[in-house]
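Text of the file data.txt, holding compact mmCIF, C-alpha atoms:
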```
# COMPACT_ATOMS: atom_id res chain seq x y z
CA MET A 12 -164.09 63.38 -76.53
CA SER A 13 -165.45 66.15 -78.66
CA ARG A 14 -164.59 69.79 -78.12
CA ARG A 15 -167.47 71.81 -76.88
CA SER A 16 -168.84 74.11 -79.52
CA PHE A 17 -169.62 77.67 -78.56
CA ARG A 18 -171.64 78.25 -81.69
CA SER A 19 -175.39 78.50 -81.33
CA PRO A 20 -177.62 75.90 -83.02
CA LEU A 21 -178.84 78.63 -85.39
CA GLY A 22 -175.28 79.64 -86.26
CA ARG A 23 -174.44 76.05 -87.16
CA ALA A 24 -177.57 75.59 -89.26
CA ILE A 25 -177.22 78.78 -91.32
CA GLY A 26 -175.69 78.23 -94.74
CA LEU A 27 -176.55 74.53 -94.93
CA GLY A 28 -179.56 75.02 -97.21
CA SER A 29 -183.18 75.94 -96.98
CA ALA A 30 -185.19 74.32 -94.22
CA LYS A 31 -188.28 74.54 -96.43
CA ARG A 32 -186.94 72.38 -99.26
CA GLY A 33 -185.46 69.51 -97.32
CA SER A 34 -188.02 67.04 -98.62
CA ARG A 35 -187.88 68.21 -102.23
CA HIS A 36 -185.38 65.61 -103.44
CA TRP A 37 -187.11 62.83 -101.50
CA PHE A 38 -190.53 63.82 -102.83
CA ALA A 39 -189.37 64.14 -106.46
CA GLU A 40 -187.79 60.68 -106.28
CA ARG A 41 -191.12 59.22 -105.12
CA ALA A 42 -193.20 61.19 -107.63
CA THR A 43 -191.04 60.01 -110.55
CA ALA A 44 -191.10 56.46 -109.14
CA VAL A 45 -194.92 56.45 -109.10
CA ALA A 46 -194.96 57.78 -112.68
CA LEU A 47 -192.44 55.16 -113.80
CA VAL A 48 -194.50 52.17 -112.58
CA PRO A 49 -197.15 52.40 -115.36
CA LEU A 50 -194.77 53.94 -117.92
CA THR A 51 -192.08 51.25 -117.67
CA VAL A 52 -194.63 48.42 -117.53
CA TRP A 53 -196.30 49.86 -120.66
CA PHE A 54 -192.90 50.15 -122.35
CA LEU A 55 -191.88 46.58 -121.56
CA ALA A 56 -195.29 45.19 -122.60
CA SER A 57 -195.02 47.11 -125.90
CA ILE A 58 -191.50 45.79 -126.53
CA VAL A 59 -192.67 42.22 -125.83
CA ALA A 60 -195.65 42.75 -128.18
CA HIS A 61 -193.28 44.01 -130.92
CA ALA A 62 -190.62 41.32 -130.48
CA GLY A 63 -189.25 40.32 -133.87
CA SER A 64 -191.09 43.09 -135.76
CA ASP A 65 -189.28 45.10 -138.46
CA TYR A 66 -188.49 48.81 -138.73
CA THR A 67 -191.73 49.75 -140.50
CA VAL A 68 -193.98 48.07 -137.94
CA PHE A 69 -191.96 49.45 -135.01
CA THR A 70 -191.93 53.08 -136.25
CA ALA A 71 -195.63 52.87 -137.20
CA TRP A 72 -196.28 52.02 -133.55
CA LEU A 73 -193.99 54.79 -132.24
CA ARG A 74 -195.73 57.32 -134.52
CA THR A 75 -199.11 56.83 -132.81
CA PRO A 76 -199.87 59.80 -130.52
CA PHE A 77 -200.27 57.58 -127.47
CA ALA A 78 -196.97 55.72 -127.93
CA ALA A 79 -195.01 58.90 -128.76
CA GLY A 80 -196.55 60.78 -125.82
CA ALA A 81 -195.96 57.94 -123.37
CA MET A 82 -192.39 57.51 -124.61
CA VAL A 83 -191.65 61.23 -124.06
CA LEU A 84 -193.15 61.02 -120.55
CA LEU A 85 -191.07 57.88 -119.91
CA LEU A 86 -187.86 59.68 -120.95
CA VAL A 87 -188.68 62.69 -118.74
CA ALA A 88 -189.53 60.60 -115.64
CA LEU A 89 -186.76 58.02 -116.22
CA PHE A 90 -183.88 60.49 -116.48
CA HIS A 91 -185.20 62.73 -113.70
CA HIS A 92 -185.41 59.64 -111.45
CA ALA A 93 -181.94 58.49 -112.57
CA ALA A 94 -180.44 61.94 -111.87
CA LEU A 95 -181.93 61.99 -108.36
CA GLY A 96 -180.82 58.43 -107.59
CA LEU A 97 -177.30 58.74 -108.99
CA GLN A 98 -176.87 62.00 -107.07
CA VAL A 99 -177.42 60.10 -103.80
CA VAL A 100 -175.00 57.35 -104.87
CA ILE A 101 -172.29 59.94 -105.56
CA GLU A 102 -173.01 61.80 -102.32
CA ASP A 103 -172.65 58.52 -100.41
CA TYR A 104 -169.48 57.13 -102.01
CA VAL A 105 -167.47 59.95 -103.59
CA HIS A 106 -165.64 61.93 -100.91
CA SER A 107 -162.77 63.28 -102.98
CA SER A 108 -162.59 66.58 -104.81
CA ALA A 109 -164.15 64.79 -107.80
CA ARG A 110 -167.48 64.81 -105.97
CA PHE A 111 -168.64 68.23 -107.14
CA ALA A 112 -167.61 67.52 -110.74
CA ALA A 113 -169.36 64.13 -110.64
CA LEU A 114 -172.59 65.69 -109.34
CA ILE A 115 -172.58 68.29 -112.13
CA ALA A 116 -171.71 65.64 -114.76
CA ILE A 117 -174.59 63.40 -113.66
CA GLN A 118 -177.10 66.23 -113.94
CA LEU A 119 -175.83 67.28 -117.38
CA CYS A 120 -175.70 63.70 -118.72
CA CYS A 121 -179.17 62.78 -117.48
CA TYR A 122 -180.96 65.85 -118.78
CA GLY A 123 -178.91 65.83 -122.00
CA LEU A 124 -179.78 62.18 -122.69
CA SER A 125 -183.42 62.89 -121.89
CA VAL A 126 -183.54 65.66 -124.51
CA ILE A 127 -181.69 63.53 -127.12
CA GLY A 128 -184.22 60.73 -126.57
CA ILE A 129 -187.23 63.06 -126.76
CA ILE A 130 -185.97 64.62 -130.00
CA ALA A 131 -185.48 61.13 -131.47
CA VAL A 132 -189.08 60.19 -130.60
CA LEU A 133 -190.41 63.47 -132.06
CA ARG A 134 -188.37 62.97 -135.25
CA VAL A 135 -190.01 59.57 -135.74
CA ALA A 136 -193.46 60.86 -134.75
CA PHE A 137 -193.48 63.93 -137.03
CA ARG A 138 -191.65 62.45 -140.02
CA SER A 139 -193.72 63.07 -143.14
CA MET B 15 -156.55 60.47 -80.58
CA ASP B 16 -153.39 62.11 -79.41
CA ALA B 17 -152.60 63.29 -75.89
CA LYS B 18 -152.89 66.95 -76.85
CA SER B 19 -156.66 66.70 -77.31
CA THR B 20 -157.14 65.37 -73.76
CA PRO B 21 -157.85 68.14 -71.26
CA PRO B 22 -155.52 68.09 -68.25
CA GLY B 23 -156.74 66.14 -65.24
CA THR B 24 -158.89 63.69 -67.19
CA LYS B 25 -158.17 60.07 -68.08
CA ALA B 26 -156.82 59.38 -71.55
CA PRO B 27 -159.77 58.35 -73.69
CA ARG B 28 -159.86 54.74 -74.81
CA PRO B 29 -159.85 54.44 -78.60
CA ARG B 30 -163.42 54.09 -79.73
CA PRO B 31 -164.26 50.80 -81.47
CA PHE B 32 -164.86 51.08 -85.18
CA SER B 33 -168.19 49.86 -86.48
CA PRO B 34 -167.65 46.61 -88.41
CA HIS B 35 -167.97 47.32 -92.09
CA ILE B 36 -170.22 45.60 -94.60
CA GLN B 37 -167.81 42.81 -95.65
CA ILE B 38 -167.73 41.41 -92.10
CA TYR B 39 -171.47 40.83 -91.83
CA ARG B 40 -173.12 37.63 -93.06
CA PRO B 41 -175.32 38.68 -95.99
CA GLN B 42 -178.97 39.00 -95.02
CA LEU B 43 -181.98 39.27 -97.34
CA THR B 44 -182.61 42.80 -96.08
CA SER B 45 -179.11 44.11 -96.77
CA VAL B 46 -178.71 42.18 -100.03
CA LEU B 47 -181.98 43.60 -101.42
CA SER B 48 -181.04 47.10 -100.27
CA ILE B 49 -177.70 46.86 -102.09
CA ALA B 50 -179.41 45.21 -105.09
CA ASN B 51 -181.92 48.08 -105.33
CA ARG B 52 -179.09 50.60 -105.56
CA ALA B 53 -176.96 48.46 -107.89
CA THR B 54 -179.88 47.81 -110.26
CA GLY B 55 -180.64 51.54 -110.21
CA VAL B 56 -177.13 52.30 -111.44
CA LEU B 57 -177.30 49.45 -113.99
CA LEU B 58 -180.68 50.64 -115.31
CA SER B 59 -179.27 54.17 -115.67
CA LEU B 60 -176.64 52.66 -117.98
CA ALA B 61 -179.38 50.73 -119.80
CA ALA B 62 -181.22 54.03 -120.26
CA ILE B 63 -178.27 55.21 -122.38
CA GLY B 64 -178.96 52.14 -124.56
CA LEU B 65 -182.61 53.19 -124.80
CA VAL B 66 -181.59 56.63 -126.13
CA ILE B 67 -179.14 55.05 -128.63
CA TRP B 68 -181.92 52.70 -129.80
CA LEU B 69 -184.45 55.57 -130.22
CA SER B 70 -181.85 57.75 -131.98
CA ALA B 71 -181.10 54.90 -134.38
CA ALA B 72 -184.82 54.56 -135.10
CA ALA B 73 -184.95 58.31 -135.83
CA ALA B 74 -181.84 58.13 -138.05
CA GLY B 75 -183.41 55.56 -140.40
CA PRO B 76 -183.74 51.85 -141.24
CA GLU B 77 -179.99 51.19 -141.70
CA PRO B 78 -178.78 52.59 -138.35
CA TYR B 79 -181.75 50.89 -136.67
CA ALA B 80 -180.77 47.55 -138.27
CA VAL B 81 -177.22 47.92 -136.86
CA VAL B 82 -178.54 48.43 -133.30
CA GLN B 83 -181.11 45.67 -133.76
CA ARG B 84 -178.39 43.21 -134.91
CA ALA B 85 -176.41 43.99 -131.76
CA LEU B 86 -179.52 43.45 -129.61
CA VAL B 87 -180.40 40.05 -131.13
CA SER B 88 -176.81 38.76 -130.88
CA TRP B 89 -176.00 36.31 -128.09
CA THR B 90 -174.24 38.98 -126.05
CA GLY B 91 -177.08 41.41 -126.65
CA GLN B 92 -179.70 38.89 -125.57
CA VAL B 93 -177.79 37.97 -122.38
CA VAL B 94 -177.39 41.66 -121.51
CA LEU B 95 -181.09 42.31 -122.24
CA PHE B 96 -182.08 39.35 -120.06
CA GLY B 97 -179.95 40.74 -117.21
CA VAL B 98 -181.42 44.21 -117.69
CA THR B 99 -184.95 42.73 -117.65
CA PHE B 100 -184.27 41.02 -114.30
CA ALA B 101 -182.62 44.19 -112.95
CA PHE B 102 -185.66 46.18 -114.09
CA PHE B 103 -188.15 43.91 -112.32
CA LEU B 104 -185.99 43.79 -109.17
CA HIS B 105 -185.84 47.60 -109.09
CA LEU B 106 -189.56 47.89 -109.91
CA CYS B 107 -190.69 45.43 -107.21
CA GLY B 108 -188.12 46.78 -104.73
CA GLY B 109 -189.30 50.31 -105.53
CA ILE B 110 -192.94 49.38 -104.91
CA ARG B 111 -191.81 47.83 -101.59
CA HIS B 112 -190.16 51.16 -100.73
CA LEU B 113 -193.32 53.09 -101.67
CA VAL B 114 -195.33 50.85 -99.31
CA TRP B 115 -192.74 51.51 -96.57
CA ASP B 116 -193.16 55.26 -97.23
CA THR B 117 -196.77 54.88 -96.09
CA VAL B 118 -195.39 53.51 -92.76
CA HIS B 119 -196.62 49.97 -93.37
CA GLY B 120 -194.84 46.61 -93.34
CA PHE B 121 -192.00 47.35 -90.92
CA ALA B 122 -192.46 44.30 -88.67
CA LEU B 123 -189.50 41.94 -89.13
CA ARG B 124 -191.80 39.18 -90.42
CA SER B 125 -193.43 41.58 -92.94
CA ILE B 126 -190.01 42.73 -94.12
CA TYR B 127 -188.95 39.15 -94.88
CA ILE B 128 -192.29 38.27 -96.51
CA SER B 129 -192.13 41.35 -98.79
CA GLY B 130 -188.42 40.71 -99.45
CA TRP B 131 -188.90 37.14 -100.66
CA SER B 132 -192.00 38.29 -102.60
CA VAL B 133 -189.81 40.83 -104.44
CA VAL B 134 -187.29 38.08 -105.35
CA ALA B 135 -189.99 35.61 -106.47
CA ALA B 136 -192.01 38.21 -108.40
CA SER B 137 -188.90 39.55 -110.18
CA ALA B 138 -187.84 36.07 -111.27
CA ALA B 139 -191.39 35.13 -112.37
CA LEU B 140 -191.96 38.39 -114.28
CA THR B 141 -188.58 38.10 -116.04
CA VAL B 142 -189.39 34.56 -117.18
CA ALA B 143 -192.93 35.65 -118.19
CA ALA B 144 -191.67 38.64 -120.21
CA TRP B 145 -189.10 36.53 -122.08
CA THR B 146 -191.52 33.67 -122.69
CA GLY B 147 -194.00 36.21 -124.06
CA GLY B 148 -191.37 37.90 -126.22
CA LEU B 149 -190.07 34.63 -127.66
CA LEU B 150 -193.63 33.43 -128.39
CA VAL B 151 -194.52 36.71 -130.14
CA ALA B 152 -191.27 36.65 -132.14
CA GLY B 153 -191.92 33.00 -133.08
CA TRP B 154 -195.37 33.82 -134.50
CA ARG B 155 -193.98 36.40 -136.93
```
Go ahead and render the structure in this file as structure tokens.
Amino acid sequence: MSRRSFRSPLGRAIGLGSAKRGSRHWFAERATAVALVPLTVWFLASIVAHAGSDYTVFTAWLRTPFAAGAMVLLLVALFHHAALGLQVVIEDYVHSSARFAALIAIQLCCYGLSVIGIIAVLRVAFRS
Amino acid sequence: MDAKSTPPGTKAPRPRPFSPHIQIYRPQLTSVLSIANRATGVLLSLAAIGLVIWLSAAAAGPEPYAVVQRALVSWTGQVVLFGVTFAFFLHLCGGIRHLVWDTVHGFALRSIYISGWSVVAASAALTVAAWTGGLLVAGWR
């Protein structure tokens, strides 16, 4: 038996976040998913096409504007999608005080790794 | 529930039954694929760290790249890559299934099982196709 609450529905809802942005996380997860379908398929097809190739051939491919651009887009979409997905996993399974720290750590790791990857691609692409 | 929470004059509430948890249920295709989609998502996030290491090695030069490449072509590396390939296709096909569901299509029980087994079959076929293609290309060099 639950105790009857004397708080109004509005009083209970206030402070729990914006009602206008409830679908933001959901929508971003879908938008990145749609972007990742062609990007990951392109990436895998390129890796298969370059199987067994050496450093010179591989970097020559990564230096082309299309490959470098697509790889940067892949890193952006991939780590944004990972951050959104891992956030839900933590929210579902971590109930201890480590939850807040884990949520922050996931965000920092994902966006940090994304930037490290993008810089690596740009270093290869713009090497003289 | 203790007696203190029961208002006077009412019957003591019977303890509510707990919902059986996941390990009690017989695994079904629906639940297994749902869990697999989440598990492969976590696994692919870890693989994404490998992607960044690989790209950073390529940026660092031929020697660091050769070190990473040696690890990737080792037996352990190849087994891990094969697993990641299957996880990728399972997450890709499962994700496309979810995107179709987002358009409010395919929710009949029969459709759910058809799409579920299609995801399993397509993931297995695409993994085999990708590795056959990769081994053929590597063999030609």
(request) Excluding stretch 76-83 of chain A and any residue of its chain fewer than 3 positions from it, enumerate the residues within 8 Å of it, using only C-alpha atoms, and give them as a count of residues only. (result) 11
(request) Could you tell me which of B:Pro27, B:Gly97, B:Gly64, B:His105 comes closest to chain A if we count all atoms listed in the file? (result)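 Going through B:Pro27, B:Gly97, B:Gly64, B:His105 one by one, the smallest distance to chain A is for B:Pro27.
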Counting only C-alpha atoms, which residues in chain A sit no more than 7 Å from chain B? For each one, give the nearest pair of atoms and the distance in Å, sorted by chain then residue number, as a Markdown table.
```
| residue | atom | partner | partner_atom | distance |
| --- | --- | --- | --- | --- |
| A:Val59 | CA | B:Gly148 | CA | 4.5 |
| A:Ala60 | CA | B:Val151 | CA | 6.4 |
| A:Ala62 | CA | B:Ala152 | CA | 5.0 |
| A:Gly63 | CA | B:Ala152 | CA | 4.5 |
| A:Tyr66 | CA | B:Pro76 | CA | 6.2 |
| A:Ala93 | CA | B:Ser59 | CA | 5.9 |
| A:Leu97 | CA | B:Val56 | CA | 6.9 |
| A:Leu124 | CA | B:Val66 | CA | 6.8 |
| A:Ile127 | CA | B:Val66 | CA | 7.0 |
| A:Gly128 | CA | B:Val66 | CA | 4.9 |
| A:Ala131 | CA | B:Ser70 | CA | 5.0 |
| A:Val132 | CA | B:Leu69 | CA | 6.6 |
| A:Arg134 | CA | B:Ala73 | CA | 5.8 |
| A:Val135 | CA | B:Ala73 | CA | 5.2 |
```
(message) For a test of reading the model, state the distance in Å between atom CA of B:His35 and atom CA of B:Phe121, rounded to one decimal.
(response) 24.1 Å
(request) Considering only C-alpha atoms, return as a list in words whatever protein or nucleic-acid residues lie within 7 Å of stretch 107-122 of chain A, sequence-local ones (same chain, fewer than 5 positions apart) excluded. (result)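 Near stretch 107-122 of chain A, the qualifying residues are Phe90, Ala94, Gln98 and Ile101 of chain A.
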(message) One decimal, in Å: what's the spacing between atom CA of B:Val82 and atom CA of A:Thr75?
(response)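 Distance reported for this atom pair: 22.2 Å.
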(request) Could you check how far atom CA of A:Arg74 sits from atom CA of A:Val126, in Å to one decimal? (result)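 Taking atom CA of A:Arg74 and atom CA of A:Val126, their separation equals 17.8 Å.
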(request) Considering only C-alpha atoms, state which residue in the set B:Val81, B:Arg40, B:Gln92, B:Arg111 is at the smallest distance from B:Ile128. (result)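 When distances to B:Ile128 are compared using only C-alpha atoms, the smallest one comes from B:Arg111.
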(request) Determine the nearest neighbour of B:Phe100 from the options A:Val45, A:Leu55, A:Val99, A:Leu85, counting only C-alpha atoms. (result)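 Closest residue, counting only C-alpha atoms: A:Leu55.
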